[in-house]
$ cat protein22.cif   # mmCIF, C-alpha atoms
data_input
loop_
_atom_site.label_atom_id
_atom_site.label_comp_id
_atom_site.auth_asym_id
_atom_site.auth_seq_id
_atom_site.Cartn_x
_atom_site.Cartn_y
_atom_site.Cartn_z
CA MET A 1 18.23 11.57 -18.47
CA THR A 2 15.29 13.61 -17.21
CA PRO A 3 11.84 12.81 -18.62
CA GLU A 4 10.45 15.50 -20.86
CA ALA A 5 7.28 17.27 -19.81
CA PRO A 6 4.24 16.57 -22.02
CA ALA A 7 3.34 19.22 -24.57
CA PRO A 8 0.45 21.51 -23.57
CA HIS A 9 -1.80 20.24 -26.36
CA VAL A 10 -1.33 16.68 -25.08
CA LEU A 11 -2.19 17.52 -21.48
CA ALA A 12 -5.83 18.08 -22.29
CA ARG A 13 -6.09 14.46 -23.42
CA LEU A 14 -4.08 12.91 -20.55
CA PRO A 15 -6.86 10.88 -18.92
CA ARG A 16 -6.96 8.50 -21.90
CA PRO A 17 -3.18 7.82 -21.91
CA VAL A 18 -3.33 7.46 -18.15
CA ALA A 19 -6.00 4.81 -18.59
CA ARG A 20 -3.83 3.00 -21.15
CA LEU A 21 -0.81 3.12 -18.83
CA ALA A 22 -2.91 1.74 -15.98
CA GLN A 23 -4.02 -1.10 -18.25
CA THR A 24 -0.42 -2.02 -19.05
CA ALA A 25 0.08 -2.67 -15.34
CA ALA A 26 -2.86 -5.07 -15.26
CA PRO A 27 -0.83 -8.33 -15.60
CA ASN A 28 1.52 -7.28 -12.80
CA GLN A 29 -1.20 -6.15 -10.44
CA ALA A 30 -3.29 -9.21 -11.21
CA LEU A 31 -0.37 -11.42 -10.15
CA VAL A 32 0.17 -9.43 -6.94
CA ALA A 33 -3.52 -9.40 -6.06
CA LEU A 34 -4.00 -13.09 -6.84
CA THR A 35 -0.93 -14.01 -4.81
CA SER A 36 -2.18 -12.10 -1.78
CA LEU A 37 -5.68 -13.50 -2.15
CA ALA A 38 -4.41 -17.06 -2.63
CA VAL A 39 -2.26 -16.85 0.50
CA VAL A 40 -5.17 -15.54 2.56
CA VAL A 41 -7.55 -18.19 1.22
CA LEU A 42 -5.03 -20.97 1.87
CA ALA A 43 -4.58 -19.78 5.44
CA SER A 44 -8.29 -19.23 6.12
CA ARG A 45 -9.21 -22.66 4.71
CA SER A 46 -6.47 -24.50 6.60
CA LEU A 47 -6.55 -22.70 9.95
CA PRO A 48 -9.28 -22.22 12.53
CA PRO A 49 -10.44 -18.60 12.97
CA ALA A 50 -8.16 -17.92 15.96
CA ALA A 51 -5.01 -19.23 14.23
CA PHE A 52 -5.96 -17.42 11.03
CA GLY A 53 -6.21 -14.21 13.03
CA LEU A 54 -2.61 -14.75 14.18
CA PHE A 55 -1.41 -15.18 10.59
CA ALA A 56 -3.42 -12.12 9.50
CA SER A 57 -1.77 -10.06 12.24
CA ALA A 58 1.70 -10.85 10.89
CA GLN A 59 0.63 -10.06 7.35
CA LEU A 60 -0.83 -6.74 8.47
CA ALA A 61 2.38 -5.81 10.32
CA VAL A 62 4.45 -6.54 7.20
CA LEU A 63 2.16 -4.40 5.03
CA PHE A 64 2.41 -1.51 7.50
CA CYS A 65 6.22 -1.51 7.58
CA VAL A 66 6.46 -1.74 3.79
CA GLY A 67 4.03 1.17 3.48
CA VAL A 68 6.07 3.37 5.83
CA ALA A 69 9.26 2.69 3.87
CA GLN A 70 7.47 3.35 0.59
CA ALA A 71 6.13 6.71 1.78
CA THR A 72 9.48 7.75 3.27
CA VAL A 73 11.85 6.65 0.50
CA LEU A 74 10.18 5.66 -2.72
CA THR A 75 7.36 8.14 -3.35
CA PRO A 76 9.57 11.26 -3.01
CA ILE A 77 11.96 9.80 -5.59
CA VAL A 78 9.22 8.94 -8.07
CA ALA A 79 7.77 12.43 -7.63
CA ASP A 80 11.06 14.11 -8.53
CA ARG A 81 11.69 14.83 -12.23
CA THR A 82 15.44 15.26 -11.68
CA VAL A 83 15.93 11.55 -10.93
CA ASP A 84 17.46 9.51 -13.74
CA ALA A 85 14.53 7.62 -15.21
CA THR A 86 16.68 4.90 -16.77
CA GLU A 87 18.45 3.52 -13.68
CA PRO A 88 17.41 2.44 -10.17
CA VAL A 89 18.52 4.79 -7.42
CA ALA A 90 21.29 3.46 -5.15
CA GLU A 91 19.97 5.34 -2.11
CA VAL A 92 16.78 3.30 -2.32
CA ARG A 93 18.74 0.07 -2.05
CA ARG A 94 20.74 1.28 0.93
CA LEU A 95 17.82 2.76 2.82
CA GLU A 96 15.45 -0.13 2.22
CA LEU A 97 18.05 -2.68 3.32
CA LEU A 98 18.78 -0.50 6.34
CA PHE A 99 15.09 -0.40 7.22
CA GLY A 100 14.91 -4.16 6.77
CA ALA A 101 17.95 -4.81 8.94
CA GLY A 102 16.54 -2.53 11.64
CA ALA A 103 13.21 -4.36 11.56
CA LEU A 104 15.03 -7.70 11.85
CA VAL A 105 17.00 -6.56 14.90
CA VAL A 106 13.88 -5.15 16.57
CA GLY A 107 12.00 -8.37 15.85
CA LEU A 108 14.74 -10.53 17.34
CA LEU A 109 15.07 -8.37 20.46
CA ALA A 110 11.32 -8.17 20.96
CA ALA A 111 11.01 -11.93 20.58
CA LEU A 112 13.37 -12.36 23.54
CA LEU A 113 11.07 -10.27 25.74
CA LEU A 114 7.73 -11.64 24.55
CA SER A 115 6.10 -15.03 24.72
CA GLY A 116 3.34 -17.06 23.11
CA GLU A 117 1.50 -15.93 19.99
CA LEU A 118 2.79 -12.36 20.16
CA ARG A 119 6.40 -13.59 20.01
CA THR A 120 5.60 -15.60 16.86
CA VAL A 121 4.05 -12.60 15.12
CA VAL A 122 6.86 -10.19 16.02
CA LEU A 123 9.67 -12.60 15.19
CA GLY A 124 8.09 -13.68 11.89
CA THR A 125 7.53 -10.07 10.85
CA GLY A 126 11.14 -9.13 11.56
CA LEU A 127 12.48 -12.09 9.58
CA VAL A 128 10.45 -11.44 6.43
CA LEU A 129 10.72 -7.65 6.25
CA PRO A 130 14.20 -7.35 4.65
CA GLY A 131 13.09 -9.27 1.56
CA CYS A 132 9.71 -7.55 1.38
CA LEU A 133 11.22 -4.08 1.62
CA TYR A 134 13.89 -4.78 -0.96
CA TRP A 135 11.44 -6.21 -3.49
CA ASP A 136 9.12 -3.24 -2.90
CA ALA A 137 11.98 -0.90 -3.82
CA VAL A 138 12.56 -2.77 -7.07
CA ARG A 139 8.85 -2.79 -7.91
CA MET A 140 8.31 0.90 -7.22
CA HIS A 141 11.26 1.86 -9.40
CA TYR A 142 9.89 0.07 -12.44
CA GLN A 143 6.26 0.98 -11.71
CA GLY A 144 7.19 4.64 -11.42
CA ARG A 145 8.63 4.46 -14.94
CA SER A 146 5.83 2.32 -16.38
CA ALA A 147 8.29 -0.52 -17.13
CA TYR A 148 5.81 -3.21 -16.14
CA LEU A 149 7.08 -5.92 -18.49
CA ARG A 150 10.44 -5.93 -16.71
CA LEU A 151 8.61 -6.68 -13.47
CA LEU A 152 6.45 -9.48 -14.81
CA PRO A 153 8.98 -12.34 -14.34
CA GLY A 154 9.69 -11.19 -10.79
CA ASP A 155 6.01 -10.91 -9.89
CA LEU A 156 5.46 -14.42 -11.24
CA VAL A 157 8.38 -15.84 -9.25
CA ALA A 158 7.24 -14.03 -6.09
CA GLY A 159 3.74 -15.42 -6.47
CA VAL A 160 4.79 -19.02 -7.14
CA VAL A 161 7.34 -19.15 -4.31
CA THR A 162 5.08 -17.44 -1.75
CA ILE A 163 2.04 -19.60 -2.53
CA GLY A 164 4.16 -22.76 -2.67
CA TRP A 165 5.87 -22.06 0.65
CA VAL A 166 2.70 -21.09 2.53
CA GLY A 167 0.70 -23.95 1.01
CA THR A 168 3.37 -26.52 1.88
CA ALA A 169 3.77 -25.21 5.43
CA LEU A 170 0.02 -25.39 6.00
CA ALA A 171 -0.33 -28.82 4.43
CA LEU A 172 2.50 -30.31 6.48
CA GLY A 173 1.54 -28.48 9.68
CA LEU A 174 4.96 -26.88 10.07
CA GLY A 175 3.69 -24.22 12.46
CA PRO A 176 2.78 -20.52 12.29
CA LEU A 177 6.35 -19.19 12.21
CA VAL A 178 7.37 -21.26 9.18
CA THR A 179 4.12 -20.30 7.45
CA ILE A 180 4.73 -16.58 8.09
CA LEU A 181 8.25 -16.88 6.65
CA GLY A 182 6.64 -17.64 3.30
CA LEU A 183 5.57 -13.99 3.09
CA GLY A 184 9.23 -13.05 2.64
CA ALA A 185 10.50 -16.04 0.62
CA GLY A 186 8.76 -14.97 -2.58
CA PRO A 187 10.01 -11.35 -2.53
CA TRP A 188 13.62 -12.46 -2.00
CA ALA A 189 13.41 -14.89 -4.91
CA ALA A 190 11.91 -12.15 -7.10
CA CYS A 191 14.73 -9.73 -6.22
CA LEU A 192 17.32 -12.23 -7.42
CA VAL A 193 15.48 -12.62 -10.72
CA VAL A 194 14.83 -8.94 -11.53
CA LEU A 195 17.41 -6.75 -9.79
CA PRO A 196 19.74 -8.45 -7.29
CA PRO A 197 21.59 -6.39 -4.64
CA TRP A 198 24.92 -6.70 -6.49
CA SER A 199 23.57 -5.46 -9.83
CA SER A 200 25.66 -2.76 -11.54
CA ARG A 201 22.50 -1.00 -12.74
CA TRP A 202 22.08 0.88 -9.44
CA THR A 203 23.19 4.52 -9.72
CA SER A 204 23.48 7.43 -7.29
CA TRP A 205 20.87 10.13 -6.90
CA ARG A 206 22.75 13.37 -7.44
CA ARG A 207 20.64 15.80 -5.42
CA PRO A 208 19.86 16.44 -1.73
CA TRP A 209 17.53 14.01 -0.02
CA PRO A 210 14.03 15.57 0.40
CA ARG A 211 13.96 15.21 4.17
CA ARG A 212 10.97 17.44 4.77
CA VAL A 213 8.85 15.77 2.09
CA SER A 214 9.88 12.32 3.31
CA ALA A 215 8.96 13.24 6.87
CA ASN A 216 5.60 14.63 5.76
CA LEU A 217 4.73 11.57 3.69
CA ALA A 218 5.85 9.18 6.43
CA GLY A 219 3.76 11.12 8.93
CA ASP A 220 0.75 11.03 6.63
CA TYR A 221 1.07 7.27 6.17
CA VAL A 222 1.55 6.52 9.86
CA ILE A 223 -1.35 8.77 10.87
CA SER A 224 -3.79 7.53 8.22
CA THR A 225 -2.99 3.98 7.11
CA GLY A 226 -1.03 3.16 10.26
CA LEU A 227 -3.94 4.24 12.43
CA ASP A 228 -6.32 2.11 10.38
CA GLN A 229 -4.08 -0.95 10.70
CA LEU A 230 -3.60 -0.35 14.42
CA LEU A 231 -7.36 -0.20 14.92
CA THR A 232 -7.69 -3.42 12.94
CA LEU A 233 -5.18 -5.09 15.26
CA LEU A 234 -7.08 -3.70 18.26
CA THR A 235 -10.09 -5.79 17.26
CA ALA A 236 -8.12 -8.73 18.64
CA VAL A 237 -7.73 -6.86 21.94
CA PHE A 238 -11.29 -5.60 22.35
CA LEU A 239 -13.05 -8.45 20.54
CA SER A 240 -11.04 -11.59 19.66
CA THR A 241 -8.46 -12.98 17.25
CA GLN A 242 -11.39 -14.58 15.43
CA ALA A 243 -12.87 -11.13 14.83
CA LEU A 244 -9.51 -9.89 13.56
CA GLY A 245 -9.26 -12.85 11.18
CA GLY A 246 -12.76 -12.21 9.82
CA LEU A 247 -12.11 -8.52 9.32
CA ARG A 248 -8.80 -9.24 7.55
CA LEU A 249 -10.54 -11.78 5.31
CA ALA A 250 -13.06 -9.14 4.23
CA GLN A 251 -10.23 -6.66 3.68
CA SER A 252 -8.34 -9.23 1.62
CA ALA A 253 -11.38 -9.77 -0.58
CA LEU A 254 -11.07 -6.06 -1.42
CA GLY A 255 -7.28 -6.33 -1.66
CA PRO A 256 -7.23 -6.06 -5.47
CA ILE A 257 -8.76 -2.60 -5.12
CA SER A 258 -5.89 -1.42 -2.93
CA THR A 259 -3.36 -2.96 -5.33
CA LEU A 260 -5.01 -1.26 -8.31
CA ALA A 261 -5.11 2.09 -6.49
CA ILE A 262 -1.40 1.86 -5.67
CA ALA A 263 -0.52 0.98 -9.27
CA LEU A 264 -2.62 3.85 -10.54
CA SER A 265 -0.91 6.20 -8.08
CA MET A 266 2.53 5.30 -9.40
CA THR A 267 1.25 5.74 -12.97
CA VAL A 268 -0.48 9.06 -12.37
CA LEU A 269 2.11 10.62 -10.04
CA PRO A 270 4.84 11.28 -12.65
CA ARG A 271 2.23 12.94 -14.87
CA MET A 272 0.57 14.98 -12.15
CA ARG A 273 3.87 16.64 -11.23
CA ASP A 274 3.99 18.07 -14.80
CA LEU A 275 0.39 19.27 -15.03
CA PRO A 276 0.31 23.10 -15.33
CA LEU A 277 -3.03 23.26 -13.52
CA THR A 278 -4.30 24.92 -10.38
CA PRO A 279 -4.75 22.56 -7.40
CA ALA A 280 -8.54 22.75 -7.81
CA ARG A 281 -8.41 21.61 -11.44
CA LYS A 282 -5.72 19.04 -10.72
CA VAL A 283 -7.68 17.30 -7.97
CA TRP A 284 -10.72 16.90 -10.18
CA TRP A 285 -8.53 15.67 -13.04
CA ALA A 286 -7.13 12.97 -10.73
CA ALA A 287 -10.56 12.14 -9.30
CA ARG A 288 -11.74 10.58 -12.56
CA PRO A 289 -9.45 7.51 -12.69
CA PHE A 290 -9.54 7.01 -8.93
CA GLY A 291 -13.32 7.42 -8.98
CA ALA A 292 -13.51 4.47 -11.36
CA VAL A 293 -11.50 2.37 -8.89
CA ALA A 294 -13.84 3.45 -6.08
CA GLY A 295 -16.85 2.42 -8.15
CA LEU A 296 -15.31 -1.00 -8.72
CA ALA A 297 -14.79 -1.40 -4.95
CA LEU A 298 -18.46 -0.69 -4.28
CA ALA A 299 -19.52 -3.15 -6.98
CA ILE A 300 -17.37 -5.90 -5.44
CA GLY A 301 -18.70 -5.14 -1.97
CA LEU A 302 -22.30 -5.36 -3.15
CA ALA A 303 -21.58 -8.65 -4.92
CA LEU A 304 -20.00 -10.12 -1.79
CA THR A 305 -23.09 -9.32 0.28
CA PHE A 306 -25.15 -11.64 -1.91
CA VAL A 307 -22.80 -14.61 -1.44
CA PRO A 308 -24.53 -17.09 0.93
CA VAL A 309 -22.48 -17.66 4.07
CA PRO A 310 -22.29 -21.45 3.60
CA VAL A 311 -20.97 -20.96 0.07
CA GLY A 312 -18.36 -18.49 1.32
CA GLN A 313 -17.29 -20.86 4.08
CA ALA A 314 -16.90 -23.68 1.56
CA LEU A 315 -14.68 -21.45 -0.58
CA VAL A 316 -12.52 -19.59 1.94
CA GLY A 317 -13.06 -21.25 5.31
CA ASP A 318 -15.02 -20.77 8.52
CA SER A 319 -13.82 -17.18 8.98
CA TRP A 320 -16.19 -16.06 6.21
CA ALA A 321 -19.08 -16.18 8.68
CA ILE A 322 -17.40 -13.27 10.47
CA ALA A 323 -16.28 -11.50 7.28
CA ALA A 324 -19.58 -11.54 5.39
CA PRO A 325 -21.50 -9.02 7.56
CA VAL A 326 -18.72 -6.42 7.26
CA ALA A 327 -17.85 -6.92 3.56
CA LEU A 328 -19.94 -3.97 2.33
CA ALA A 329 -18.57 -1.62 5.01
CA VAL A 330 -15.03 -2.65 4.07
CA ALA A 331 -15.89 -1.96 0.42
CA VAL A 332 -17.08 1.55 1.27
CA TYR A 333 -13.85 2.09 3.18
CA ALA A 334 -11.78 0.83 0.23
CA ALA A 335 -13.69 3.10 -2.18
CA ALA A 336 -13.14 6.19 -0.02
CA SER A 337 -9.47 5.30 0.42
CA ALA A 338 -8.97 4.93 -3.34
CA LEU A 339 -10.72 8.22 -4.09
CA GLY A 340 -8.74 9.98 -1.36
CA ARG A 341 -5.53 9.25 -3.28
CA ALA A 342 -6.56 11.89 -5.81
CA ALA A 343 -6.46 14.56 -3.09
CA THR A 344 -3.29 13.14 -1.55
CA LEU A 345 -1.36 13.17 -4.84
CA THR A 346 -2.64 16.67 -5.62
CA MET A 347 -1.27 18.00 -2.35
CA LEU A 348 2.02 16.17 -2.86
CA THR A 349 2.56 17.55 -6.37
CA SER A 350 1.36 21.04 -5.44
CA GLY A 351 3.89 21.66 -2.68
CA ALA A 352 1.38 21.02 0.10
CA SER A 353 2.62 17.83 1.75
CA GLY A 354 2.93 19.77 5.02
CA LEU A 355 -0.75 20.72 4.82
CA LEU A 356 -1.58 17.08 4.13
CA VAL A 357 0.08 15.79 7.29
CA ALA A 358 -1.43 18.69 9.29
CA VAL A 359 -4.95 17.73 8.21
CA ARG A 360 -4.25 14.11 9.12
CA ALA A 361 -2.85 15.10 12.52
CA VAL A 362 -6.03 17.00 13.36
CA SER A 363 -8.44 14.29 12.26
CA ALA A 364 -6.54 11.23 13.54
CA PRO A 365 -7.22 11.72 17.30
CA VAL A 366 -10.94 12.12 16.62
CA VAL A 367 -11.05 9.00 14.44
CA ALA A 368 -9.06 6.97 16.97
CA ALA A 369 -11.22 8.04 19.91
CA VAL A 370 -14.50 7.29 18.15
CA CYS A 371 -13.33 3.93 16.81
CA VAL A 372 -11.94 2.76 20.16
CA LEU A 373 -15.18 3.84 21.85
CA VAL A 374 -17.14 1.73 19.37
CA LEU A 375 -14.79 -1.24 19.83
CA THR A 376 -15.44 -1.17 23.58
CA ARG A 377 -19.08 -1.95 22.76
CA HIS A 378 -17.83 -5.28 21.32
CA GLU A 379 -19.61 -4.88 17.99
CA LEU A 380 -17.53 -5.59 14.88
CA ILE A 381 -20.21 -4.53 12.39
CA LEU A 382 -20.75 -1.19 14.12
CA TYR A 383 -16.99 -0.60 14.17
CA ALA A 384 -16.63 -1.40 10.46
CA TRP A 385 -19.37 1.05 9.44
CA THR A 386 -18.06 3.72 11.81
CA ALA A 387 -14.58 3.48 10.28
CA ALA A 388 -16.04 3.62 6.77
CA GLY A 389 -18.15 6.69 7.56
CA LEU A 390 -15.26 8.53 9.18
CA LEU A 391 -13.04 7.86 6.15
CA VAL A 392 -15.70 9.14 3.76
CA LEU A 393 -15.90 12.36 5.80
CA SER A 394 -12.11 12.63 5.91
CA THR A 395 -11.92 12.20 2.13
CA VAL A 396 -14.35 15.08 1.62
CA VAL A 397 -12.22 17.29 3.86
CA LEU A 398 -9.07 16.30 1.95
CA PHE A 399 -10.67 17.23 -1.37
CA VAL A 400 -11.58 20.68 -0.05
CA MET A 401 -8.10 21.28 1.37
CA ALA A 402 -6.39 19.96 -1.77
CA ALA A 403 -8.41 22.31 -3.98
CA ARG A 404 -7.57 25.33 -1.81
CA GLY A 405 -4.00 24.73 -0.70
CA GLY A 406 -0.58 24.35 -2.24
CA THR A 407 1.49 26.06 -4.88
CA ARG A 408 2.92 24.55 -8.04
CA THR A 409 6.59 23.53 -7.69
CA PRO A 410 8.13 22.97 -11.13
CA GLY A 411 10.30 19.89 -11.49
CA GLY A 412 8.55 17.83 -8.83
CA VAL A 413 8.49 17.95 -5.06
CA ARG A 414 11.08 20.48 -3.83
CA GLU A 415 9.79 21.66 -0.48
CA ASP A 416 13.07 20.90 1.24
CA GLU A 417 15.13 23.32 -0.77
#
$ encode --input "protein22.cif" --output "structure tokens"
Amino acid sequence: MTPEAPAPHVLARLPRPVARLAQTAAPNQALVALTSLAVVVLASRSLPPAAFGLFASAQLAVLFCVGVAQATVLTPIVADRTVDATEPVAEVRRLELLFGAGALVVGLLAALLLSGELRTVVLGTGLVLPGCLYWDAVRMHYQGRSAYLRLLPGDLVAGVVTIGWVGTALALGLGPLVTILGLGAGPWAACLVVLPPWSSRWTSWRRPWPRRVSANLAGDYVISTGLDQLLTLLTAVFLSTQALGGLRLAQSALGPISTLAIALSMTVLPRMRDLPLTPARKVWWAARPFGAVAGLALAIGLALTFVPVPVGQALVGDSWAIAAPVALAVAVYAAASALGRAATLTMLTSGASGLLVAVRAVSAPVVAAVCVLVLTRHELILYAWTAAGLLVLSTVVLFVMAARGGTRTPGGVREDE
């Protein structure tokens, strides 16, 4: 069953329904954000800054791999109107489990060649990825169809199991590897509750796989978000693991903003593909809800700057002394990232995903070179503000390119055909 396109007289009033749909996702996203924040706070309170930086590295690696799989597999499916909206797509299950199995094999092989802290991070990441990827596939299916209530039990189970595992491992001193494994225990438990691998509800996607769109979206994610996460990891190389832990703590404080932006993307995307608007009008239509998210990020960042460092350390651990000076810069970065999704989704739904990845490919080397140059000066605050400023500039460029490029492709993303 293919979803019907909204009537023209309804389209003019879409921002209000979009806001209502985003609100229906609030319980789910609150659970996800609170789970992530609770795990980070537990780790930062229980571990010294250097050990917390190690845990944060593993968490960042998991988030990167999940994001690549989401861009490659899930977003093209959600963007396609021809997909059956009532059943999960079997190809998602196969591909996500394949990605997870590949990550596990790579993690095990790399662990044989590495030693020390790096071996722990790589091995832990490989072990937890299969469950994380599979649960992400289930979540994106239901989020893309606004079926948030079906996800609520799974999100609750994932949160309870993850927090319980990580908290127990930290309390008993079971070691970093066992603690990292908690990042995957919750997702696996949630999968079994909501949509287990053997469920008969999975159906086949009866159309060619959008290879070109998948490649473009994967390239965009790796170039943009992947570059950002790589530069975050490089703070441990050029500065210290303590600096990495502090930066990740500040990023985690803004984590709910990223979660909200992702949820809004999955809510807005199915509607944007049906909007009979020019790219210029579409990007400004999408900028309104994402602009509200950006404003919230700036408000949180300003509030965090007024938290006294001793109070922050009492709440979340010693790493807050490193996180506090960069909290506002991280908030600006989060705001620009959220607002940039309006341009990204416009290009995706206007047949311009190739232009999107081309713009990223041109800007990425400049961003990387400048950020690495700043990191060599051994100044975390300068690096954080440099990254934020470069992303603001990149977002402006994306808005201009989104308004000028692309052609409407009825029925969703069909660039491969």
$ closest_residue --input "protein22.cif" --among "A:Met272, A:Val106, A:Val316, A:Leu233" --to "Ala43 of chain A" --atoms "only C-alpha atoms"
A:Val316
$ resolve_selection --input "protein22.cif" --expression "the PyMOL selection byres ((chain A and resi 357) around 12)" --output "count of residues only"
31
$ atom_distance --input "protein22.cif" --atom1 "atom CA of Gly100 of chain A" --atom2 "atom CA of Leu133 of chain A"
6.3 Å
$ atom_distance --input "protein22.cif" --atom1 "atom CA of Val32 of chain A" --atom2 "atom CA of Ala324 of chain A"
23.4 Å
$ resolve_selection --input "protein22.cif" --expression "the PyMOL selection byres ((chain A and resi 40) around 9)" --output "mmCIF file with C-alpha atoms, in the coordinates of the input"
data_model
loop_
_atom_site.group_PDB
_atom_site.id
_atom_site.type_symbol
_atom_site.label_atom_id
_atom_site.label_comp_id
_atom_site.auth_asym_id
_atom_site.auth_seq_id
_atom_site.Cartn_x
_atom_site.Cartn_y
_atom_site.Cartn_z
ATOM 1 C CA THR A 35 -0.930 -14.010 -4.810
ATOM 2 C CA SER A 36 -2.180 -12.100 -1.780
ATOM 3 C CA LEU A 37 -5.680 -13.500 -2.150
ATOM 4 C CA ALA A 38 -4.410 -17.060 -2.630
ATOM 5 C CA VAL A 39 -2.260 -16.850 0.500
ATOM 6 C CA VAL A 41 -7.550 -18.190 1.220
ATOM 7 C CA LEU A 42 -5.030 -20.970 1.870
ATOM 8 C CA ALA A 43 -4.580 -19.780 5.440
ATOM 9 C CA SER A 44 -8.290 -19.230 6.120
ATOM 10 C CA ARG A 45 -9.210 -22.660 4.710
ATOM 11 C CA PHE A 52 -5.960 -17.420 11.030
ATOM 12 C CA PHE A 55 -1.410 -15.180 10.590
ATOM 13 C CA ALA A 56 -3.420 -12.120 9.500
ATOM 14 C CA ARG A 248 -8.800 -9.240 7.550
ATOM 15 C CA LEU A 249 -10.540 -11.780 5.310
ATOM 16 C CA SER A 252 -8.340 -9.230 1.620
ATOM 17 C CA VAL A 316 -12.520 -19.590 1.940
#
$ closest_residue --input "protein22.cif" --among "A:Met140, A:Val105, A:Leu60, A:Leu264" --to "Leu127 of chain A" --atoms "all atoms listed in the file"
A:Val105
$ atom_distance --input "protein22.cif" --atom1 "atom CA of Ile300 of chain A" --atom2 "atom CA of Val283 of chain A"
25.3 Å
$ resolve_selection --input "protein22.cif" --expression "the PyMOL selection byres ((chain A and resi 167) around 10)" --output "list in words"
Ala38, Val39, Leu42, Ala43, Ser46, Val161, Thr162, Ile163, Gly164, Trp165, Val166, Thr168, Ala169, Leu170, Ala171, Leu172, Gly173, Thr179 and Gly182 of chain A
$ closest_residue --input "protein22.cif" --among "A:Val157, A:Ala253, A:Ala321, A:Leu95" --to "Leu304 of chain A" --atoms "all atoms listed in the file"
A:Ala253
$ closest_residue --input "protein22.cif" --among "A:Leu181, A:Leu296, A:Val392, A:Val309" --to "Pro325 of chain A" --atoms "all atoms listed in the file"
A:Val309
$ residues_around --input "protein22.cif" --residues "Thr120 of chain A" --least-positions-apart "5" --cutoff "9 Å" --atoms "only C-alpha atoms" --output "PDB file with C-alpha atoms, in the coordinates of the input"
ATOM      1  CA  LEU A  54      -2.610 -14.750  14.180  1.00  0.00           C
ATOM      2  CA  ALA A  58       1.700 -10.850  10.890  1.00  0.00           C
ATOM      3  CA  ALA A 111      11.010 -11.930  20.580  1.00  0.00           C
ATOM      4  CA  LEU A 114       7.730 -11.640  24.550  1.00  0.00           C
ATOM      5  CA  SER A 115       6.100 -15.030  24.720  1.00  0.00           C
ATOM      6  CA  THR A 125       7.530 -10.070  10.850  1.00  0.00           C
ATOM      7  CA  PRO A 176       2.780 -20.520  12.290  1.00  0.00           C
ATOM      8  CA  LEU A 177       6.350 -19.190  12.210  1.00  0.00           C
ATOM      9  CA  ILE A 180       4.730 -16.580   8.090  1.00  0.00           C
TER      10      ILE A 180
END
$ residues_near_point --input "protein22.cif" --point "(14.7, 2.0, 7.5)" --cutoff "10 Å" --atoms "all atoms listed in the file" --output "PyMOL selection string"
chain A and resi 65-66+68-69+72-73+94-103+130+133
$ residues_around --input "protein22.cif" --residues "Gly184 of chain A" --least-positions-apart "2" --cutoff "7 Å" --atoms "only C-alpha atoms" --output "VMD selection string"
chain A and resid 128 to 129 131 to 132 181 to 182 186 to 188
$ residues_around --input "protein22.cif" --residues "Ala261 of chain A" --least-positions-apart "4" --cutoff "7 Å" --atoms "only C-alpha atoms" --output "PyMOL selection string"
chain A and resi 257+265+293+338
$ closest_residue --input "protein22.cif" --among "A:Thr395, A:Ser199, A:Thr349, A:Thr232" --to "Cys371 of chain A" --atoms "all atoms listed in the file"
A:Thr232
$ closest_residue --input "protein22.cif" --among "A:Gly317, A:Ala294, A:Tyr383, A:Val370" --to "Leu339 of chain A" --atoms "all atoms listed in the file"
A:Ala294
